[in-house]
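input20.pdb, holding PDB, C-alpha atoms:
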MODEL        1
ATOM      1  CA  MET A   1      25.969-301.780-101.710  1.00  0.00           C
ATOM      2  CA  GLU A   2      23.209-299.650-100.216  1.00  0.00           C
ATOM      3  CA  THR A   3      25.146-299.317 -96.955  1.00  0.00           C
ATOM      4  CA  GLN A   4      28.195-298.122 -98.892  1.00  0.00           C
ATOM      5  CA  ASN A   5      26.077-295.522-100.715  1.00  0.00           C
ATOM      6  CA  LYS A   6      24.681-294.274 -97.392  1.00  0.00           C
ATOM      7  CA  LEU A   7      28.188-294.052 -95.994  1.00  0.00           C
ATOM      8  CA  GLN A   8      29.397-292.125 -99.053  1.00  0.00           C
ATOM      9  CA  LYS A   9      26.421-289.766 -98.805  1.00  0.00           C
ATOM     10  CA  ARG A  10      27.040-289.235 -95.076  1.00  0.00           C
ATOM     11  CA  ASN A  11      30.729-288.551 -95.704  1.00  0.00           C
ATOM     12  CA  LYS A  12      29.889-286.096 -98.484  1.00  0.00           C
ATOM     13  CA  ILE A  13      27.524-284.200 -96.181  1.00  0.00           C
ATOM     14  CA  ILE A  14      30.154-284.121 -93.424  1.00  0.00           C
ATOM     15  CA  TYR A  15      32.733-282.910 -95.945  1.00  0.00           C
ATOM     16  CA  TRP A  16      30.603-280.053 -97.243  1.00  0.00           C
ATOM     17  CA  VAL A  17      29.350-278.904 -93.835  1.00  0.00           C
ATOM     18  CA  PHE A  18      32.857-278.755 -92.395  1.00  0.00           C
ATOM     19  CA  THR A  19      34.440-277.396 -95.588  1.00  0.00           C
ATOM     20  CA  LEU A  20      31.941-274.553 -95.851  1.00  0.00           C
ATOM     21  CA  TRP A  21      32.317-273.787 -92.128  1.00  0.00           C
ATOM     22  CA  MET A  22      36.124-273.839 -92.482  1.00  0.00           C
ATOM     23  CA  SER A  23      35.934-271.646 -95.593  1.00  0.00           C
ATOM     24  CA  LEU A  24      33.706-269.121 -93.854  1.00  0.00           C
ATOM     25  CA  GLY A  25      36.115-269.030 -90.902  1.00  0.00           C
ATOM     26  CA  MET A  26      39.170-268.619 -93.109  1.00  0.00           C
ATOM     27  CA  VAL A  27      37.600-265.872 -95.245  1.00  0.00           C
ATOM     28  CA  SER A  28      36.221-263.979 -92.243  1.00  0.00           C
ATOM     29  CA  THR A  29      39.578-264.043 -90.439  1.00  0.00           C
ATOM     30  CA  ALA A  30      41.327-263.090 -93.686  1.00  0.00           C
ATOM     31  CA  ILE A  31      39.066-260.043 -94.042  1.00  0.00           C
ATOM     32  CA  VAL A  32      39.801-259.007 -90.453  1.00  0.00           C
ATOM     33  CA  GLN A  33      43.522-259.380 -91.144  1.00  0.00           C
ATOM     34  CA  LEU A  34      43.447-257.572 -94.485  1.00  0.00           C
ATOM     35  CA  MET A  35      41.410-254.705 -93.011  1.00  0.00           C
ATOM     36  CA  LYS A  36      43.955-254.401 -90.183  1.00  0.00           C
ATOM     37  CA  ASN A  37      41.265-254.607 -87.506  1.00  0.00           C
ATOM     38  CA  LYS A  38      42.515-253.058 -84.240  1.00  0.00           C
ATOM     39  CA  ASP A  39      41.783-256.223 -82.232  1.00  0.00           C
ATOM     40  CA  GLU A  40      43.674-258.320 -84.758  1.00  0.00           C
ATOM     41  CA  ILE A  41      46.582-255.868 -84.666  1.00  0.00           C
ATOM     42  CA  ALA A  42      46.657-256.235 -80.874  1.00  0.00           C
ATOM     43  CA  ASN A  43      46.501-260.022 -81.261  1.00  0.00           C
ATOM     44  CA  PHE A  44      49.442-260.120 -83.691  1.00  0.00           C
ATOM     45  CA  THR A  45      51.427-257.721 -81.508  1.00  0.00           C
ATOM     46  CA  THR A  46      50.827-259.872 -78.412  1.00  0.00           C
ATOM     47  CA  LEU A  47      51.993-262.941 -80.315  1.00  0.00           C
ATOM     48  CA  GLY A  48      55.146-261.084 -81.368  1.00  0.00           C
ATOM     49  CA  TYR A  49      54.524-261.184 -85.114  1.00  0.00           C
ATOM     50  CA  PRO A  50      55.183-258.313 -87.535  1.00  0.00           C
ATOM     51  CA  LEU A  51      52.019-256.646 -88.801  1.00  0.00           C
ATOM     52  CA  TYR A  52      52.888-257.222 -92.475  1.00  0.00           C
ATOM     53  CA  LEU A  53      52.316-260.925 -91.797  1.00  0.00           C
ATOM     54  CA  MET A  54      48.587-260.144 -91.488  1.00  0.00           C
ATOM     55  CA  THR A  55      48.458-259.200 -95.169  1.00  0.00           C
ATOM     56  CA  ILE A  56      50.415-262.253 -96.282  1.00  0.00           C
ATOM     57  CA  ILE A  57      48.305-264.688 -94.240  1.00  0.00           C
ATOM     58  CA  GLY A  58      45.070-262.944 -95.209  1.00  0.00           C
ATOM     59  CA  ILE A  59      45.809-263.218 -98.930  1.00  0.00           C
ATOM     60  CA  TRP A  60      46.914-266.856 -98.633  1.00  0.00           C
ATOM     61  CA  LYS A  61      43.757-267.753 -96.682  1.00  0.00           C
ATOM     62  CA  VAL A  62      41.519-266.333 -99.427  1.00  0.00           C
ATOM     63  CA  LEU A  63      43.510-268.117-102.136  1.00  0.00           C
ATOM     64  CA  GLY A  64      43.434-271.349-100.096  1.00  0.00           C
ATOM     65  CA  VAL A  65      39.653-271.219 -99.779  1.00  0.00           C
ATOM     66  CA  ILE A  66      39.326-270.729-103.530  1.00  0.00           C
ATOM     67  CA  ALA A  67      41.633-273.700-104.130  1.00  0.00           C
ATOM     68  CA  VAL A  68      39.668-275.945-101.767  1.00  0.00           C
ATOM     69  CA  LEU A  69      36.264-275.012-103.188  1.00  0.00           C
ATOM     70  CA  ILE A  70      36.920-275.129-106.925  1.00  0.00           C
ATOM     71  CA  PRO A  71      36.560-278.481-108.691  1.00  0.00           C
ATOM     72  CA  LYS A  72      39.554-280.535-109.840  1.00  0.00           C
ATOM     73  CA  LEU A  73      43.171-279.576-109.065  1.00  0.00           C
ATOM     74  CA  PRO A  74      43.710-282.062-106.204  1.00  0.00           C
ATOM     75  CA  LEU A  75      47.401-281.200-105.797  1.00  0.00           C
ATOM     76  CA  LEU A  76      46.538-277.533-105.300  1.00  0.00           C
ATOM     77  CA  LYS A  77      43.940-278.558-102.710  1.00  0.00           C
ATOM     78  CA  GLU A  78      46.575-280.563-100.815  1.00  0.00           C
ATOM     79  CA  TRP A  79      48.822-277.506-100.714  1.00  0.00           C
ATOM     80  CA  ALA A  80      45.927-275.353 -99.495  1.00  0.00           C
ATOM     81  CA  TYR A  81      45.067-277.813 -96.726  1.00  0.00           C
ATOM     82  CA  ALA A  82      48.745-278.028 -95.752  1.00  0.00           C
ATOM     83  CA  GLY A  83      48.928-274.231 -95.587  1.00  0.00           C
ATOM     84  CA  PHE A  84      45.779-274.061 -93.470  1.00  0.00           C
ATOM     85  CA  PHE A  85      47.164-276.741 -91.167  1.00  0.00           C
ATOM     86  CA  PHE A  86      50.496-274.941 -90.740  1.00  0.00           C
ATOM     87  CA  VAL A  87      48.997-271.502 -90.148  1.00  0.00           C
ATOM     88  CA  MET A  88      46.330-272.711 -87.706  1.00  0.00           C
ATOM     89  CA  SER A  89      48.580-275.100 -85.769  1.00  0.00           C
ATOM     90  CA  GLY A  90      51.125-272.278 -85.613  1.00  0.00           C
ATOM     91  CA  ALA A  91      48.443-269.951 -84.266  1.00  0.00           C
ATOM     92  CA  VAL A  92      47.414-272.474 -81.590  1.00  0.00           C
ATOM     93  CA  ILE A  93      51.021-273.010 -80.525  1.00  0.00           C
ATOM     94  CA  SER A  94      51.702-269.256 -80.518  1.00  0.00           C
ATOM     95  CA  HIS A  95      48.689-268.570 -78.282  1.00  0.00           C
ATOM     96  CA  LEU A  96      49.751-271.333 -75.902  1.00  0.00           C
ATOM     97  CA  ILE A  97      53.351-270.079 -75.744  1.00  0.00           C
ATOM     98  CA  VAL A  98      52.346-266.516 -74.805  1.00  0.00           C
ATOM     99  CA  GLY A  99      49.855-267.864 -72.252  1.00  0.00           C
ATOM    100  CA  ASP A 100      46.702-266.545 -73.887  1.00  0.00           C
ATOM    101  CA  PRO A 101      43.449-267.650 -72.248  1.00  0.00           C
ATOM    102  CA  ILE A 102      41.270-270.289 -73.909  1.00  0.00           C
ATOM    103  CA  GLY A 103      38.964-267.576 -75.250  1.00  0.00           C
ATOM    104  CA  LYS A 104      41.761-266.249 -77.453  1.00  0.00           C
ATOM    105  CA  THR A 105      43.109-269.691 -78.337  1.00  0.00           C
ATOM    106  CA  PHE A 106      39.810-271.442 -79.112  1.00  0.00           C
ATOM    107  CA  PRO A 107      39.127-269.833 -82.528  1.00  0.00           C
ATOM    108  CA  ALA A 108      42.464-271.138 -83.842  1.00  0.00           C
ATOM    109  CA  VAL A 109      41.784-274.574 -82.322  1.00  0.00           C
ATOM    110  CA  LEU A 110      38.334-274.653 -83.932  1.00  0.00           C
ATOM    111  CA  LEU A 111      39.672-273.703 -87.363  1.00  0.00           C
ATOM    112  CA  LEU A 112      42.422-276.316 -87.041  1.00  0.00           C
ATOM    113  CA  ILE A 113      39.821-278.991 -86.234  1.00  0.00           C
ATOM    114  CA  LEU A 114      37.657-277.874 -89.179  1.00  0.00           C
ATOM    115  CA  VAL A 115      40.667-278.103 -91.504  1.00  0.00           C
ATOM    116  CA  ILE A 116      41.477-281.634 -90.347  1.00  0.00           C
ATOM    117  CA  ILE A 117      37.880-282.857 -90.642  1.00  0.00           C
ATOM    118  CA  SER A 118      37.392-281.247 -94.071  1.00  0.00           C
ATOM    119  CA  TRP A 119      40.637-282.782 -95.325  1.00  0.00           C
ATOM    120  CA  TYR A 120      39.835-286.224 -93.900  1.00  0.00           C
ATOM    121  CA  PHE A 121      36.338-286.419 -95.414  1.00  0.00           C
ATOM    122  CA  ARG A 122      37.182-284.945 -98.817  1.00  0.00           C
ATOM    123  CA  PRO A 123      35.704-286.985-101.677  1.00  0.00           C
ATOM    124  CA  ALA A 124      37.886-289.242-103.825  1.00  0.00           C
ATOM    125  CA  ASP A 125      37.784-286.782-106.747  1.00  0.00           C
ATOM    126  CA  ARG A 126      39.410-284.176-104.478  1.00  0.00           C
ATOM    127  CA  LYS A 127      42.299-286.445-103.469  1.00  0.00           C
ATOM    128  CA  ILE A 128      45.590-287.077-105.209  1.00  0.00           C
TER     129      ILE A 128
ENDMDL
END
With the file now loaded, output its structure as structure tokens.
Amino acid sequence: METQNKLQKRNKIIYWVFTLWMSLGMVSTAIVQLMKNKDEIANFTTLGYPLYLMTIIGIWKVLGVIAVLIPKLPLLKEWAYAGFFFVMSGAVISHLIVGDPIGKTFPAVLLLILVIISWYFRPADRKI
């Protein structure tokens, strides 16, 4: 019983560390996208995406972070995690396709890993 409690506590710590890190990453990249930062504009242009997509993704990232962090609503959380997974795996694939160096690809890879770890370690009350 005590071992199970330690495991649950460890998993909860892992969940919150990675979820907060993921949330910070998603919000910070959303802000950059919503502010139409010149480096982000260049990034989107290199990837071949229309610039209006920055606004759409930026808004969805902020809403996704809110959904993941608020209590209850496990179905909404699943949708948010799915959205994060699709947008970040799409970013990784896009960077690889255009031949971007690892320095430009790594942030998307890191956020994708954070999404997966946060989703995997989410507590039972945050699952469907």
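For the atom pair formed by atom CA of Tyr81 of chain A and atom CA of Ile13 of chain A, the distance is 18.7 Å, given to one decimal.
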Evaluate the PyMOL selection byres ((chain A and resi 74) around 6) against this structure - the residues, as a PyMOL selection string, please. chain A and resi 72-73+75-77+126-128
Evaluated on this file, the PyMOL selection byres ((chain A and resi 31) around 10) picks out some residues - which ones are they, written as a compact mmCIF listing (two decimals) with C-alpha atoms, in the coordinates of the input?
# COMPACT_ATOMS: atom_id res chain seq x y z
CA GLY A 25 36.12 -269.03 -90.90
CA MET A 26 39.17 -268.62 -93.11
CA VAL A 27 37.60 -265.87 -95.24
CA SER A 28 36.22 -263.98 -92.24
CA THR A 29 39.58 -264.04 -90.44
CA ALA A 30 41.33 -263.09 -93.69
CA VAL A 32 39.80 -259.01 -90.45
CA GLN A 33 43.52 -259.38 -91.14
CA LEU A 34 43.45 -257.57 -94.48
CA MET A 35 41.41 -254.70 -93.01
CA LYS A 36 43.96 -254.40 -90.18
CA ASN A 37 41.26 -254.61 -87.51
CA MET A 54 48.59 -260.14 -91.49
CA THR A 55 48.46 -259.20 -95.17
CA GLY A 58 45.07 -262.94 -95.21
CA ILE A 59 45.81 -263.22 -98.93
CA LYS A 61 43.76 -267.75 -96.68
CA VAL A 62 41.52 -266.33 -99.43
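Minimum atom-to-atom distance to Trp60 of chain A, evaluated using all atoms listed in the file, belongs to A:Ala80 out of A:Ile41, A:Val92, A:Ala80, A:Leu7.
Across A:Ile14, A:Met22, A:Met1, A:Val87, the tightest approach to Phe121 of chain A is made by A:Ile14 when counting all atoms listed in the file.
Computed from the coordinates, the atom CA of Pro101 of chain A to atom CA of Trp119 of chain A distance equals 27.7 Å.
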What does the PyMOL selection byres ((chain A and resi 19) around 9) select in this file, as a short mmCIF file (atom, residue, chain, number, x, y, z; two decimals) with C-alpha atoms, in the frame of the given file?
data_model
loop_
_atom_site.label_atom_id
_atom_site.label_comp_id
_atom_site.auth_asym_id
_atom_site.auth_seq_id
_atom_site.Cartn_x
_atom_site.Cartn_y
_atom_site.Cartn_z
CA ILE A 14 30.15 -284.12 -93.42
CA TYR A 15 32.73 -282.91 -95.94
CA TRP A 16 30.60 -280.05 -97.24
CA VAL A 17 29.35 -278.90 -93.84
CA PHE A 18 32.86 -278.76 -92.40
CA LEU A 20 31.94 -274.55 -95.85
CA TRP A 21 32.32 -273.79 -92.13
CA MET A 22 36.12 -273.84 -92.48
CA SER A 23 35.93 -271.65 -95.59
CA LEU A 24 33.71 -269.12 -93.85
CA VAL A 68 39.67 -275.94 -101.77
CA LEU A 69 36.26 -275.01 -103.19
CA LEU A 114 37.66 -277.87 -89.18
CA VAL A 115 40.67 -278.10 -91.50
CA ILE A 117 37.88 -282.86 -90.64
CA SER A 118 37.39 -281.25 -94.07
CA TRP A 119 40.64 -282.78 -95.32
CA ARG A 122 37.18 -284.94 -98.82
#
Interface rows for segment 66-107 of chain A against segment 44-53 of chain A: nearest pair, Å to one decimal, 10 Å, only C-alpha atoms, as a Markdown table:
| residue | atom | partner | partner_atom | distance |
| --- | --- | --- | --- | --- |
| A:Ala91 | CA | A:Leu47 | CA | 8.8 |
| A:Ser94 | CA | A:Leu47 | CA | 6.3 |
| A:His95 | CA | A:Leu47 | CA | 6.8 |
| A:Leu96 | CA | A:Leu47 | CA | 9.7 |
| A:Ile97 | CA | A:Leu47 | CA | 8.6 |
| A:Val98 | CA | A:Leu47 | CA | 6.6 |
| A:Gly99 | CA | A:Leu47 | CA | 9.7 |
| A:Asp100 | CA | A:Thr46 | CA | 9.1 |
Atom CA of Ile116 of chain A sits from atom CA of Gly103 of chain A at a separation of 20.8 Å
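The shortest atom-to-atom distance to Tyr120 of chain A, with all atoms listed in the file taken into account, belongs to A:Glu78 out of A:Glu78, A:Glu40, A:Ala67, A:Met88.
Nearest residue to Phe86 of chain A, choosing from A:Leu112, A:Ile70, A:Ile102, A:Leu63 and counting all atoms listed in the file: A:Leu112.
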Edge lengths and centre in Å to one decimal, as AutoDock Vina command-line options, of the axis-aligned box that encloses all listed atoms of segment 8-12 of chain A with 4 Å added on every side?
--center_x 28.6 --center_y -289.1 --center_z -97.1 --size_x 12.3 --size_y 14.0 --size_z 12.0
Across A:Glu2, A:Ile57, A:Pro71, A:Val65, the smallest distance to Ala124 of chain A, with all atoms listed in the file counted, is shown by A:Pro71
